[in-house]
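Coordinates as given in input_25.txt (compact mmCIF, C-alpha atoms):
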```txt
# COMPACT_ATOMS: atom_id res chain seq x y z
CA MET A 729 8.32 -26.54 25.52
CA ASN A 730 5.77 -24.18 27.10
CA LYS A 731 2.06 -24.30 26.36
CA THR A 732 1.98 -20.98 24.48
CA PHE A 733 4.72 -22.06 22.08
CA THR A 734 3.01 -25.41 21.52
CA THR A 735 -0.28 -23.70 20.71
CA VAL A 736 1.11 -21.21 18.21
CA TYR A 737 3.24 -23.99 16.70
CA SER A 738 0.08 -26.05 16.21
CA LEU A 739 -1.73 -23.13 14.60
CA VAL A 740 1.10 -22.45 12.16
CA LEU A 741 1.36 -26.16 11.37
CA ILE A 742 -2.37 -26.36 10.57
CA TYR A 743 -2.06 -23.28 8.38
CA LEU A 744 0.97 -24.65 6.54
CA VAL A 745 -0.72 -28.01 5.98
CA PHE A 746 -3.80 -26.44 4.37
CA SER A 747 -1.70 -24.00 2.32
CA SER A 748 0.74 -26.70 1.18
CA VAL A 749 -1.98 -29.20 0.30
CA THR A 750 -3.66 -26.49 -1.76
CA PHE A 751 -0.49 -25.61 -3.64
CA PHE A 752 0.77 -29.15 -4.30
CA THR A 753 -2.70 -30.32 -5.38
CA TRP A 754 -2.89 -27.45 -7.86
CA HIS A 755 0.67 -28.11 -8.98
CA HIS A 756 -0.13 -31.78 -9.63
CA GLN A 757 -3.27 -30.76 -11.54
CA GLY A 758 -1.37 -28.15 -13.56
CA ARG A 759 -3.62 -25.36 -12.29
CA TYR A 760 -2.76 -21.81 -11.29
CA ASP A 761 0.81 -21.83 -12.57
CA VAL A 762 2.60 -18.49 -12.49
CA THR A 763 0.80 -15.93 -14.62
CA GLY A 764 -0.02 -12.23 -14.70
CA ASP A 765 2.69 -10.27 -12.89
CA GLU A 766 4.16 -13.35 -11.18
CA PRO A 767 6.64 -14.32 -13.95
CA HIS A 768 8.01 -10.79 -14.01
CA TYR A 769 8.77 -10.79 -10.29
CA LEU A 770 10.60 -14.09 -10.81
CA VAL A 771 12.53 -12.81 -13.84
CA MET A 772 13.77 -10.02 -11.58
CA ALA A 773 14.74 -12.58 -8.92
CA SER A 774 16.58 -14.56 -11.61
CA GLY A 775 18.54 -11.47 -12.65
CA ILE A 776 19.52 -10.74 -9.05
CA THR A 777 20.49 -14.34 -8.27
CA ARG A 778 22.25 -15.42 -11.44
CA TYR A 779 23.66 -12.22 -12.86
CA GLY A 780 23.73 -9.80 -9.93
CA VAL A 781 21.81 -7.17 -11.93
CA PHE A 782 18.62 -5.16 -11.66
CA GLU A 783 18.79 -4.19 -15.33
CA GLN A 784 16.43 -6.51 -17.20
CA THR A 785 17.94 -7.16 -20.62
CA ILE A 786 19.92 -10.27 -19.69
CA PRO A 787 17.33 -12.04 -17.46
CA TYR A 788 14.46 -11.44 -19.92
CA ARG A 789 16.58 -12.54 -22.88
CA GLU A 790 17.45 -15.71 -20.99
CA GLU A 791 13.81 -16.35 -20.05
CA PHE A 792 12.70 -15.92 -23.67
CA LYS A 793 15.10 -18.70 -24.67
CA THR A 794 14.64 -21.17 -21.80
CA ARG A 795 11.01 -20.51 -20.76
CA GLU A 796 12.02 -21.80 -17.35
CA ILE A 797 9.63 -19.55 -15.43
CA TYR A 798 6.67 -19.16 -17.79
CA LYS A 799 6.25 -22.26 -19.95
CA PRO A 800 4.05 -20.68 -22.69
CA GLY A 801 6.72 -18.05 -23.15
CA LEU A 802 6.69 -14.34 -22.41
CA ALA A 803 7.84 -13.63 -25.98
CA PRO A 804 9.24 -15.46 -29.03
CA VAL A 805 12.53 -17.26 -28.40
CA ASP A 806 14.57 -14.82 -30.48
CA ALA A 807 12.81 -11.67 -29.24
CA GLU A 808 14.75 -8.80 -27.71
CA PRO A 809 13.51 -7.28 -24.44
CA SER A 810 11.79 -3.94 -24.90
CA PRO A 811 9.08 -1.87 -23.20
CA LYS A 812 6.71 -2.85 -26.01
CA ILE A 813 6.51 -6.52 -25.06
CA GLN A 814 7.33 -6.72 -21.35
CA HIS A 815 6.76 -5.05 -17.98
CA ILE A 816 9.87 -2.94 -18.39
CA ALA A 817 10.59 0.72 -18.93
CA GLN A 818 13.46 2.40 -20.75
CA GLY A 819 15.43 4.47 -18.27
CA PRO A 820 18.63 6.49 -18.53
CA ASN A 821 20.71 3.42 -17.64
CA GLY A 822 18.90 0.61 -19.45
CA LEU A 823 15.73 -1.44 -19.13
CA TYR A 824 14.23 -1.74 -15.65
CA ASN A 825 11.15 -3.58 -14.43
CA VAL A 826 8.13 -1.46 -13.56
CA HIS A 827 7.50 -3.75 -10.59
CA ASN A 828 9.30 -2.91 -7.38
CA ILE A 829 12.41 -4.85 -6.45
CA GLY A 830 11.51 -5.67 -2.83
CA LEU A 831 9.77 -9.00 -3.43
CA PRO A 832 12.41 -10.23 -5.95
CA LEU A 833 15.12 -9.40 -3.41
CA ILE A 834 13.34 -11.54 -0.80
CA LEU A 835 12.72 -14.36 -3.30
CA SER A 836 16.22 -14.40 -4.78
CA PHE A 837 17.63 -17.03 -2.39
CA SER A 838 14.62 -19.37 -2.65
CA PHE A 839 14.63 -18.97 -6.44
CA MET A 840 18.31 -19.83 -6.53
CA LEU A 841 17.67 -23.01 -4.54
CA GLY A 842 14.42 -24.21 -6.10
CA GLY A 843 13.34 -22.01 -8.98
CA VAL A 844 9.61 -21.36 -9.30
CA LEU A 845 8.70 -24.25 -6.97
CA GLY A 846 11.12 -23.05 -4.30
CA SER A 847 9.74 -19.52 -4.51
CA LYS A 848 6.16 -20.74 -4.12
CA ILE A 849 7.08 -22.83 -1.07
CA PHE A 850 8.92 -19.88 0.45
CA MET A 851 5.85 -17.67 -0.01
CA ILE A 852 3.75 -20.28 1.82
CA ILE A 853 6.21 -20.38 4.72
CA ILE A 854 6.51 -16.61 5.08
CA SER A 855 2.73 -16.17 4.92
CA GLY A 856 2.50 -18.26 8.10
CA LEU A 857 3.71 -15.17 9.96
CA ALA A 858 0.14 -13.88 9.67
CA VAL A 859 -0.92 -16.61 12.08
CA VAL A 860 1.86 -15.73 14.52
CA VAL A 861 1.00 -12.02 14.54
CA ALA A 862 -2.72 -12.77 14.93
CA TRP A 863 -1.95 -15.07 17.86
CA LYS A 864 0.20 -12.41 19.53
CA ILE A 865 -2.55 -9.80 19.12
CA SER A 866 -5.16 -12.16 20.56
CA GLY A 867 -3.03 -12.43 23.69
CA LEU A 868 -3.47 -8.71 24.28
CA LEU A 869 -7.26 -9.09 24.11
CA THR A 870 -7.83 -12.20 26.26
CA VAL A 871 -5.98 -14.62 28.51
CA ASP A 872 -8.27 -17.52 27.61
CA SER A 873 -6.03 -19.81 25.54
CA LYS A 874 -8.98 -21.73 24.03
CA THR A 875 -10.63 -18.53 22.80
CA ARG A 876 -7.30 -17.34 21.40
CA PHE A 877 -6.75 -20.63 19.58
CA LEU A 878 -10.21 -20.91 18.04
CA SER A 879 -10.38 -17.22 17.08
CA THR A 880 -6.97 -17.26 15.40
CA LEU A 881 -7.70 -20.57 13.67
CA ALA A 882 -11.05 -19.47 12.25
CA THR A 883 -9.73 -16.06 11.17
CA CYS A 884 -6.47 -17.15 9.52
CA VAL A 885 -6.96 -20.70 8.25
CA ALA A 886 -9.45 -19.47 5.70
CA LEU A 887 -9.95 -17.49 2.55
CA PRO A 888 -8.26 -15.41 1.33
CA LEU A 889 -5.04 -16.52 3.03
CA ILE A 890 -4.98 -20.25 2.24
CA PRO A 891 -5.15 -20.07 -1.58
CA ALA A 892 -3.27 -16.74 -1.66
CA ALA A 893 -0.31 -18.06 0.32
CA ASN A 894 1.55 -19.48 -2.68
CA GLN A 895 1.00 -16.54 -5.03
CA ILE A 896 4.03 -14.46 -6.07
CA TYR A 897 2.68 -11.05 -5.07
CA PRO A 898 3.76 -8.61 -2.33
CA ASP A 899 0.27 -8.02 -0.89
CA ILE A 900 0.23 -10.75 1.78
CA LEU A 901 3.70 -9.82 3.05
CA ALA A 902 2.78 -6.13 3.13
CA GLY A 903 -0.34 -6.90 5.15
CA ILE A 904 1.66 -8.98 7.64
CA ILE A 905 4.24 -6.21 8.10
CA ALA A 906 1.50 -3.61 8.56
CA LEU A 907 -0.35 -5.75 11.12
CA SER A 908 2.90 -6.44 12.98
CA GLY A 909 3.55 -2.69 13.08
CA ILE A 910 0.15 -2.20 14.69
CA TYR A 911 1.06 -4.91 17.22
CA TRP A 912 4.29 -3.04 17.97
CA PHE A 913 2.21 0.11 18.57
CA MET A 914 0.07 -1.88 21.02
CA THR A 915 3.13 -3.13 22.92
CA THR A 916 5.65 -0.27 22.91
CA ASN A 917 5.83 -0.57 26.70
CA MET A 918 7.34 -4.07 26.40
CA HIS A 919 11.11 -4.34 26.76
CA ARG A 920 12.78 -5.60 23.59
CA SER A 921 16.41 -5.74 22.52
CA ALA A 922 17.84 -3.11 20.19
CA PHE A 923 18.38 -5.84 17.58
CA ILE A 924 14.72 -6.92 17.57
CA GLU A 925 13.41 -3.36 17.35
CA GLY A 926 15.98 -2.54 14.66
CA PHE A 927 14.94 -5.57 12.62
CA TRP A 928 11.26 -4.70 13.12
CA ALA A 929 11.88 -1.14 11.97
CA ALA A 930 13.74 -2.47 8.91
CA ALA A 931 10.70 -4.59 8.00
CA ILE A 932 8.34 -1.62 8.26
CA VAL A 933 10.53 0.70 6.17
CA PHE A 934 10.82 -2.08 3.59
CA LEU A 935 7.13 -1.64 2.70
CA PRO A 936 7.74 0.91 -0.13
CA TRP A 937 10.26 -1.51 -1.63
CA LEU A 938 7.47 -4.04 -2.04
CA GLN A 939 5.30 -1.50 -3.86
CA VAL A 940 5.40 2.29 -3.91
CA LYS A 941 1.77 2.43 -2.77
CA PHE A 942 2.82 0.85 0.53
CA ALA A 943 4.74 4.02 1.36
CA ALA A 944 1.51 5.39 2.88
CA PRO A 945 1.06 2.74 5.62
CA CYS A 946 4.82 2.84 6.16
CA VAL A 947 4.82 6.59 6.90
CA ILE A 948 1.70 6.29 9.08
CA LEU A 949 3.32 3.57 11.18
CA ILE A 950 6.60 5.46 11.52
CA ILE A 951 4.84 8.62 12.70
CA ALA A 952 2.54 6.72 15.09
CA LEU A 953 5.35 4.67 16.62
CA THR A 954 7.62 7.69 16.98
CA ILE A 955 4.94 9.67 18.81
CA ARG A 956 3.95 6.68 20.94
CA ILE A 957 7.52 5.88 22.01
CA TYR A 958 8.28 9.53 22.77
CA LEU A 959 5.15 9.99 24.88
CA LYS A 960 5.64 6.70 26.74
CA SER A 961 9.37 6.78 27.41
CA LYS A 962 11.03 9.75 25.65
CA ASP A 963 13.71 7.22 24.65
CA ILE A 964 15.62 8.98 21.88
CA LYS A 965 17.68 5.88 21.11
CA ARG A 966 14.56 3.83 20.38
CA ILE A 967 13.20 6.60 18.18
CA ALA A 968 16.52 6.80 16.33
CA ARG A 969 16.39 3.04 15.70
CA LEU A 970 13.12 3.70 13.88
CA LEU A 971 13.83 6.98 12.10
CA PHE A 972 17.36 6.22 10.87
CA PRO A 973 16.35 3.07 8.92
CA ALA A 974 13.36 5.00 7.52
CA ILE A 975 15.49 7.85 6.22
CA LEU A 976 18.07 5.43 4.86
CA SER A 977 15.47 3.21 3.19
CA PHE A 978 13.60 6.05 1.50
CA SER A 979 16.88 7.61 0.34
CA ILE A 980 18.22 4.40 -1.22
CA LEU A 981 14.88 3.66 -2.90
CA ALA A 982 14.71 7.20 -4.31
CA PHE A 983 18.29 6.84 -5.62
CA TYR A 984 17.44 3.52 -7.28
CA ASN A 985 14.31 4.96 -8.91
CA HIS A 986 16.24 7.97 -10.19
CA TYR A 987 19.00 5.75 -11.57
CA ALA A 988 16.59 3.27 -13.16
CA PHE A 989 13.75 5.52 -14.34
CA GLY A 990 15.07 9.06 -14.19
CA ARG A 991 12.65 10.12 -11.44
CA PHE A 992 12.68 9.67 -7.68
CA SER A 993 9.08 8.44 -7.59
CA GLY A 994 9.70 5.46 -9.88
CA PRO A 995 8.14 4.39 -13.18
CA TYR A 996 4.54 5.33 -12.45
CA GLN A 997 2.96 8.03 -14.59
CA SER A 998 0.03 10.35 -13.90
CA GLY A 999 -3.31 8.58 -14.24
CA ALA A 1000 -2.23 5.57 -12.19
CA LEU A 1001 -5.10 6.40 -9.81
CA HIS A 1002 -8.56 7.23 -11.07
CA LEU A 1003 -11.43 8.61 -9.00
CA SER A 1004 -14.80 7.80 -10.56
CA LYS A 1005 -18.04 5.93 -10.03
CA SER A 1006 -16.20 2.77 -11.09
CA SER A 1007 -13.57 3.25 -8.40
CA LEU A 1008 -16.28 3.69 -5.77
CA MET A 1009 -17.92 0.51 -7.03
CA VAL A 1010 -14.57 -1.31 -6.79
CA LEU A 1011 -14.03 -0.01 -3.24
CA PHE A 1012 -17.41 -1.47 -2.25
CA GLY A 1013 -16.63 -4.64 -4.22
CA LEU A 1014 -13.33 -5.24 -2.42
CA HIS A 1015 -15.47 -5.60 0.70
CA PHE A 1016 -18.72 -7.22 -0.48
CA ASP A 1017 -18.46 -8.47 -4.08
CA GLN A 1018 -19.25 -12.21 -4.29
CA ASN A 1019 -15.85 -12.88 -5.90
CA GLN A 1020 -13.65 -9.99 -4.79
CA GLY A 1021 -14.96 -9.11 -1.35
CA PHE A 1022 -12.85 -10.34 1.56
CA LEU A 1023 -15.88 -10.08 3.85
CA LEU A 1024 -17.67 -12.70 1.75
CA GLN A 1025 -14.60 -14.84 1.21
CA ASN A 1026 -14.39 -15.11 4.98
CA PRO A 1027 -17.79 -14.05 6.44
CA LEU A 1028 -16.38 -14.41 9.96
CA MET A 1029 -14.74 -11.03 9.36
CA LEU A 1030 -18.20 -9.48 9.38
CA VAL A 1031 -17.76 -9.76 13.15
CA GLY A 1032 -14.98 -7.22 12.72
CA VAL A 1033 -17.29 -4.81 10.94
CA PHE A 1034 -19.60 -4.75 13.96
CA SER A 1035 -16.70 -4.64 16.42
CA VAL A 1036 -14.91 -1.47 15.37
CA GLY A 1037 -16.89 0.26 18.11
CA ALA A 1038 -15.63 -2.24 20.68
CA LEU A 1039 -12.09 -1.65 19.43
CA PHE A 1040 -12.67 2.10 19.81
CA VAL A 1041 -13.76 1.58 23.42
CA HIS A 1042 -10.66 -0.57 23.98
CA SER A 1043 -8.34 2.14 22.61
CA LYS A 1044 -9.21 5.26 20.63
CA LYS A 1045 -5.62 5.82 19.47
CA LEU A 1046 -5.25 2.22 18.36
CA THR A 1047 -8.52 2.38 16.43
CA LEU A 1048 -7.45 5.56 14.65
CA LEU A 1049 -4.12 4.02 13.65
CA TRP A 1050 -5.79 0.80 12.48
CA LEU A 1051 -8.35 2.72 10.41
CA LEU A 1052 -5.69 4.86 8.73
CA ILE A 1053 -3.61 1.78 7.88
CA PHE A 1054 -6.63 -0.14 6.60
CA LEU A 1055 -7.78 2.74 4.39
CA SER A 1056 -4.26 3.36 3.10
CA LEU A 1057 -4.13 -0.26 1.93
CA ILE A 1058 -7.55 -0.63 0.34
CA VAL A 1059 -8.46 2.81 -1.05
CA PRO A 1060 -5.50 3.17 -3.48
CA ASN A 1061 -6.27 -0.30 -4.87
CA SER A 1062 -9.84 0.74 -5.55
CA LEU A 1063 -8.56 3.75 -7.51
CA HIS A 1064 -6.28 1.73 -9.79
CA PRO A 1065 -7.89 1.65 -13.27
CA ASN A 1066 -6.76 -1.96 -13.72
CA TRP A 1067 -9.86 -2.77 -11.71
CA TYR A 1068 -9.52 -5.58 -9.14
CA GLY A 1069 -5.92 -6.32 -10.18
CA GLY A 1070 -6.34 -7.58 -13.72
CA TRP A 1071 -5.46 -11.20 -14.41
CA SER A 1072 -4.84 -12.53 -10.92
CA PHE A 1073 -6.76 -14.16 -8.09
CA SER A 1074 -10.13 -12.70 -7.18
CA GLY A 1075 -9.72 -10.37 -4.25
CA ARG A 1076 -5.95 -9.84 -4.57
CA PHE A 1077 -6.35 -6.09 -4.24
CA ALA A 1078 -7.91 -6.64 -0.79
CA TRP A 1079 -5.36 -9.13 0.55
CA ALA A 1080 -3.20 -6.67 2.50
CA ALA A 1081 -6.21 -4.88 3.96
CA ALA A 1082 -7.85 -8.22 4.84
CA ILE A 1083 -4.87 -9.15 6.99
CA VAL A 1084 -5.03 -5.83 8.83
CA PHE A 1085 -8.77 -6.45 9.34
CA ILE A 1086 -7.79 -9.39 11.56
CA LEU A 1087 -7.46 -6.93 14.45
CA PRO A 1088 -11.14 -5.86 14.81
CA THR A 1089 -12.24 -9.40 13.97
CA LEU A 1090 -10.26 -10.83 16.88
CA CYS A 1091 -11.48 -8.04 19.13
CA GLY A 1092 -15.09 -8.82 18.25
CA LEU A 1093 -14.68 -12.57 18.68
CA VAL A 1094 -13.08 -12.15 22.10
CA ARG A 1095 -15.88 -9.82 23.25
CA LEU A 1096 -18.48 -12.28 21.93
CA ALA A 1097 -16.84 -15.17 23.78
CA GLU A 1098 -16.93 -13.16 27.01
CA ALA A 1099 -20.57 -12.17 26.51
CA ASN A 1100 -22.06 -15.43 25.21
CA TYR A 1101 -19.75 -18.39 24.76
CA LYS A 1102 -22.44 -20.58 23.17
CA ALA A 1103 -23.08 -17.97 20.45
CA TYR A 1104 -19.31 -17.63 20.02
CA ARG A 1105 -18.86 -21.36 19.49
CA LEU A 1106 -21.77 -21.46 17.05
CA ILE A 1107 -20.39 -18.60 14.93
CA VAL A 1108 -16.78 -19.82 14.95
CA GLY A 1109 -17.82 -23.43 14.29
CA SER A 1110 -20.08 -22.39 11.40
CA ALA A 1111 -17.28 -20.25 9.95
CA MET A 1112 -14.81 -23.16 10.03
CA ILE A 1113 -17.31 -25.54 8.42
CA LEU A 1114 -17.94 -22.97 5.68
CA GLN A 1115 -14.19 -22.62 5.07
CA LEU A 1116 -13.84 -26.41 4.80
CA TYR A 1117 -16.58 -26.34 2.18
CA PHE A 1118 -14.80 -23.53 0.32
CA PHE A 1119 -11.52 -25.46 0.61
CA CYS A 1120 -13.02 -28.53 -1.08
CA GLN A 1121 -14.50 -26.31 -3.78
CA TYR A 1122 -11.30 -24.51 -4.81
CA LEU A 1123 -8.97 -27.44 -4.19
CA PHE A 1124 -10.35 -29.36 -7.16
CA PRO A 1125 -11.38 -28.23 -10.66
CA GLY A 1126 -14.78 -26.63 -10.89
CA ILE A 1127 -14.27 -23.28 -9.16
CA ASP A 1128 -12.12 -20.75 -11.00
CA LEU A 1129 -10.36 -18.34 -8.63
CA TYR A 1130 -9.18 -15.94 -11.33
CA ASN A 1131 -10.82 -12.55 -11.71
CA LYS A 1132 -14.08 -12.56 -13.59
CA PRO A 1133 -14.72 -10.22 -16.55
CA SER A 1134 -16.79 -7.10 -15.94
CA SER A 1135 -19.69 -8.67 -17.85
CA THR A 1136 -20.13 -11.31 -15.11
CA TRP A 1137 -23.34 -10.92 -13.15
```
Go ahead and render the structure in this file as structure tokens.
Amino acid sequence: MNKTFTTVYSLVLIYLVFSSVTFFTWHHQGRYDVTGDEPHYLVMASGITRYGVFEQTIPYREEFKTREIYKPGLAPVDAEPSPKIQHIAQGPNGLYNVHNIGLPLILSFSFMLGGVLGSKIFMIIISGLAVVVAWKISGLLTVDSKTRFLSTLATCVALPLIPAANQIYPDILAGIIALSGIYWFMTTNMHRSAFIEGFWAAAIVFLPWLQVKFAAPCVILIIALTIRIYLKSKDIKRIARLLFPAILSFSILAFYNHYAFGRFSGPYQSGALHLSKSSLMVLFGLHFDQNQGFLLQNPLMLVGVFSVGALFVHSKKLTLLWLLIFLSLIVPNSLHPNWYGGWSFSGRFAWAAAIVFILPTLCGLVRLAEANYKAYRLIVGSAMILQLYFFCQYLFPGIDLYNKPSSTW
């Protein structure tokens, strides 16, 4: 077992320990059970697993009776599923969930094996990929294994990732896929098998299946990678392995939306995005609000704010791609009139963007370590101590991680 594998294995293990302890402690305390949109994603997974259907009448009717997923009940036991009481829309071929089917498809196997608990554990495991991608990116910025280890540890084993890992939402997975796509852009000169690149392309073009809003970073990545590969190698086969899955994915998703909702764009109506003073406030809040802001949940990422210039010096094209991806993830969420994501964890609307922000944070930490290692150790050590304090605060009752009402100071 080589040293690199041992190091990344240790990082993932640390991450999984903190994430698992958080989840199982909350589970034992009866805190943060599935709520908000989570039960609806799992009802969809139940329909796929048990009945082989995307149409929602049967799985919702079953959930109303058994209350297996959401103990308080989504509706009275004898209620009939309808758009009036659930997250479903009446389409030309029945009732279909307004939430995208990508996450339920991924969760279907874990739900079949372990129900809600199995799905939560699976989300924790898959979120560990954020650590792996961060570690891989750090290797492109420095060869110092100690700096790589500490920088990745302090950036990833922290808010918002630790408490968010077990939540049934597509944001963390979308952020990981987007960050991995940026890593691919950084390493297009590396030789990889057709299978690996094909699988990677499939993950990127799966983004709109997680949520329609993730079509923007998906398209940006496809265009950037296509141009990059063509300019570097003019390898038409590699480009085809990227473009063919993209065309196929968008076509199948459009067909599903038309079948389910009668329109290629899906169930969303006009007014889903709202530009106003409130949306500008939310955009600022997703960065700096004391509850919602990912830069205050993990202040170490402030290093990234001051390191975008260093990233630009490192690579102008990379910086432009990163900025477009970051903005495509955070700006639409600030325009959604269900400000900050409604009844869910504080900061959920910044989760995907926060993962992508790992790139400038790692760049800044590496540059700081090279310039002044004592200052680097002080900042990283202080950040980890702060995260341990936060961990103790949200692990036990006393700190409520759910969104605060707008009347909160």
*Out of A:Asn917, A:Asn821, A:Ser879, A:Thr750, which residue has the shortest atom-to-atom distance to Ile852 in chain A when counting all atoms listed in the file?*
A:Thr750
_Non-local contacts of range 796-801 of chain A (12 Å; all atoms listed in the file; under 6 positions in same chain excluded) as an NGL selection string_ = :A and (758 or 760-774 or 787-790 or 807 or 813-814 or 839 or 842-848)
Next, write the just-selected residues to a file, as a CSV table (one decimal), in the coordinates of the input, keeping C-alpha atoms as the atom set.
```csv
chain,number,residue,atom,x,y,z
A,758,GLY,CA,-1.4,-28.2,-13.6
A,760,TYR,CA,-2.8,-21.8,-11.3
A,761,ASP,CA,0.8,-21.8,-12.6
A,762,VAL,CA,2.6,-18.5,-12.5
A,763,THR,CA,0.8,-15.9,-14.6
A,764,GLY,CA,0.0,-12.2,-14.7
A,765,ASP,CA,2.7,-10.3,-12.9
A,766,GLU,CA,4.2,-13.4,-11.2
A,767,PRO,CA,6.6,-14.3,-14.0
A,768,HIS,CA,8.0,-10.8,-14.0
A,769,TYR,CA,8.8,-10.8,-10.3
A,770,LEU,CA,10.6,-14.1,-10.8
A,771,VAL,CA,12.5,-12.8,-13.8
A,772,MET,CA,13.8,-10.0,-11.6
A,773,ALA,CA,14.7,-12.6,-8.9
A,774,SER,CA,16.6,-14.6,-11.6
A,787,PRO,CA,17.3,-12.0,-17.5
A,788,TYR,CA,14.5,-11.4,-19.9
A,789,ARG,CA,16.6,-12.5,-22.9
A,790,GLU,CA,17.4,-15.7,-21.0
A,807,ALA,CA,12.8,-11.7,-29.2
A,813,ILE,CA,6.5,-6.5,-25.1
A,814,GLN,CA,7.3,-6.7,-21.4
A,839,PHE,CA,14.6,-19.0,-6.4
A,842,GLY,CA,14.4,-24.2,-6.1
A,843,GLY,CA,13.3,-22.0,-9.0
A,844,VAL,CA,9.6,-21.4,-9.3
A,845,LEU,CA,8.7,-24.2,-7.0
A,846,GLY,CA,11.1,-23.0,-4.3
A,847,SER,CA,9.7,-19.5,-4.5
A,848,LYS,CA,6.2,-20.7,-4.1
```
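The space separating CA of Trp937 in chain A from CA of Ile964 in chain A comes to 26.3 Å.
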_Who sits within 12 Å of Met918 in chain A, all atoms listed in the file, same chain under 5 positions skipped, as a list in words_ = Leu868, Tyr911, Trp912, Phe913, Ile924, Glu925, Ile957, Lys960 and Ser961 of chain A
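Note that CA of Ala893 in chain A and CA of Met851 in chain A are 6.2 Å apart.
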*Name the residues in contact with range 1099-1112 of chain A at a cut-off of 9 Å, using only C-alpha atoms, excluding same-chain residues fewer than 5 positions from it; report them as a ChimeraX atom specification.*
/A:878-879,881-883,885-886,1026-1028,1093-1094,1117
Grab all the atoms of range 801-809 of chain A that the file lists, wrap them in a box along x, y and z, add 6 Å per side, and give me centre plus edge lengths in Å (one decimal) as lines of an AutoDock Vina configuration file.
```
center_x = 10.7
center_y = -12.7
center_z = -26.4
size_x = 20.1
size_y = 22.8
size_z = 20.1
```
*Between CA of Pro809 in chain A and CA of Lys793 in chain A, measure the distance and give it in Å to one decimal.*
11.5 Å
*Of the listed residues A:Arg876, A:His986, A:Arg795, A:Arg1076, that which approaches Thr735 in chain A most closely, counting all atoms listed in the file*: A:Arg876
_Would you pick out the contacts of Pro936 in chain A at 12 Å or less, using only C-alpha atoms, so that residues sharing its chain but fewer than 2 positions from it are not included, and give the list as a ChimeraX atom specification?_
/A:827-831,898-899,901-902,905-906,930-934,938-947,974,977-982,985,993-994
*For each of A:His1042, A:His1002, A:Lys1132, A:Lys731, take the minimum atom-to-atom distance to Arg1095 in chain A, counting all atoms listed in the file, then give the residue where this is smallest.*
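Among A:His1042, A:His1002, A:Lys1132, A:Lys731, it is A:His1042 that comes nearest to Arg1095 in chain A.
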_Nearest residue to Leu1023 in chain A out of A:Val1041, A:Ile816, A:Ala1082, A:Leu1048, using only C-alpha atoms?_
A:Ala1082
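Among A:Ala862, A:Ile1113, A:Ile786, A:Leu1123, the residue with the shortest atom-to-atom distance to Thr1089 in chain A, counting all atoms listed in the file, is A:Ala862.
Neighbours of Ala1038 in chain A closer than or equal to 9 Å, with all atoms listed in the file counted and sequence neighbours fewer than 6 positions away skipped, come out as Pro1088, Cys1091, Gly1092 and Arg1095 of chain A.
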*Need the neighbours of (4.3, -25.7, 11.4): which residues are at most 12 Å away, counting all atoms listed in the file, as a ChimeraX atom specification?*
/A:733-748,852-857,859-860
Write to file, as a PDB file, in the frame of the given file, the residues of the selection just made, with C-alpha atoms.
```pdb
ATOM      1  CA  PHE A 733       4.720 -22.060  22.080  1.00  0.00           C
ATOM      2  CA  THR A 734       3.010 -25.410  21.520  1.00  0.00           C
ATOM      3  CA  THR A 735      -0.280 -23.700  20.710  1.00  0.00           C
ATOM      4  CA  VAL A 736       1.110 -21.210  18.210  1.00  0.00           C
ATOM      5  CA  TYR A 737       3.240 -23.990  16.700  1.00  0.00           C
ATOM      6  CA  SER A 738       0.080 -26.050  16.210  1.00  0.00           C
ATOM      7  CA  LEU A 739      -1.730 -23.130  14.600  1.00  0.00           C
ATOM      8  CA  VAL A 740       1.100 -22.450  12.160  1.00  0.00           C
ATOM      9  CA  LEU A 741       1.360 -26.160  11.370  1.00  0.00           C
ATOM     10  CA  ILE A 742      -2.370 -26.360  10.570  1.00  0.00           C
ATOM     11  CA  TYR A 743      -2.060 -23.280   8.380  1.00  0.00           C
ATOM     12  CA  LEU A 744       0.970 -24.650   6.540  1.00  0.00           C
ATOM     13  CA  VAL A 745      -0.720 -28.010   5.980  1.00  0.00           C
ATOM     14  CA  PHE A 746      -3.800 -26.440   4.370  1.00  0.00           C
ATOM     15  CA  SER A 747      -1.700 -24.000   2.320  1.00  0.00           C
ATOM     16  CA  SER A 748       0.740 -26.700   1.180  1.00  0.00           C
ATOM     17  CA  ILE A 852       3.750 -20.280   1.820  1.00  0.00           C
ATOM     18  CA  ILE A 853       6.210 -20.380   4.720  1.00  0.00           C
ATOM     19  CA  ILE A 854       6.510 -16.610   5.080  1.00  0.00           C
ATOM     20  CA  SER A 855       2.730 -16.170   4.920  1.00  0.00           C
ATOM     21  CA  GLY A 856       2.500 -18.260   8.100  1.00  0.00           C
ATOM     22  CA  LEU A 857       3.710 -15.170   9.960  1.00  0.00           C
ATOM     23  CA  VAL A 859      -0.920 -16.610  12.080  1.00  0.00           C
ATOM     24  CA  VAL A 860       1.860 -15.730  14.520  1.00  0.00           C
TER      25      VAL A 860
END
```
_Between A:Trp1079, A:Leu889, A:Phe782, A:Gly926, which residue has the minimum interatomic distance to Val826 in chain A, considering all atoms listed in the file?_
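Looking only at the distances to Val826 in chain A, the closest residue turns out to be A:Phe782.
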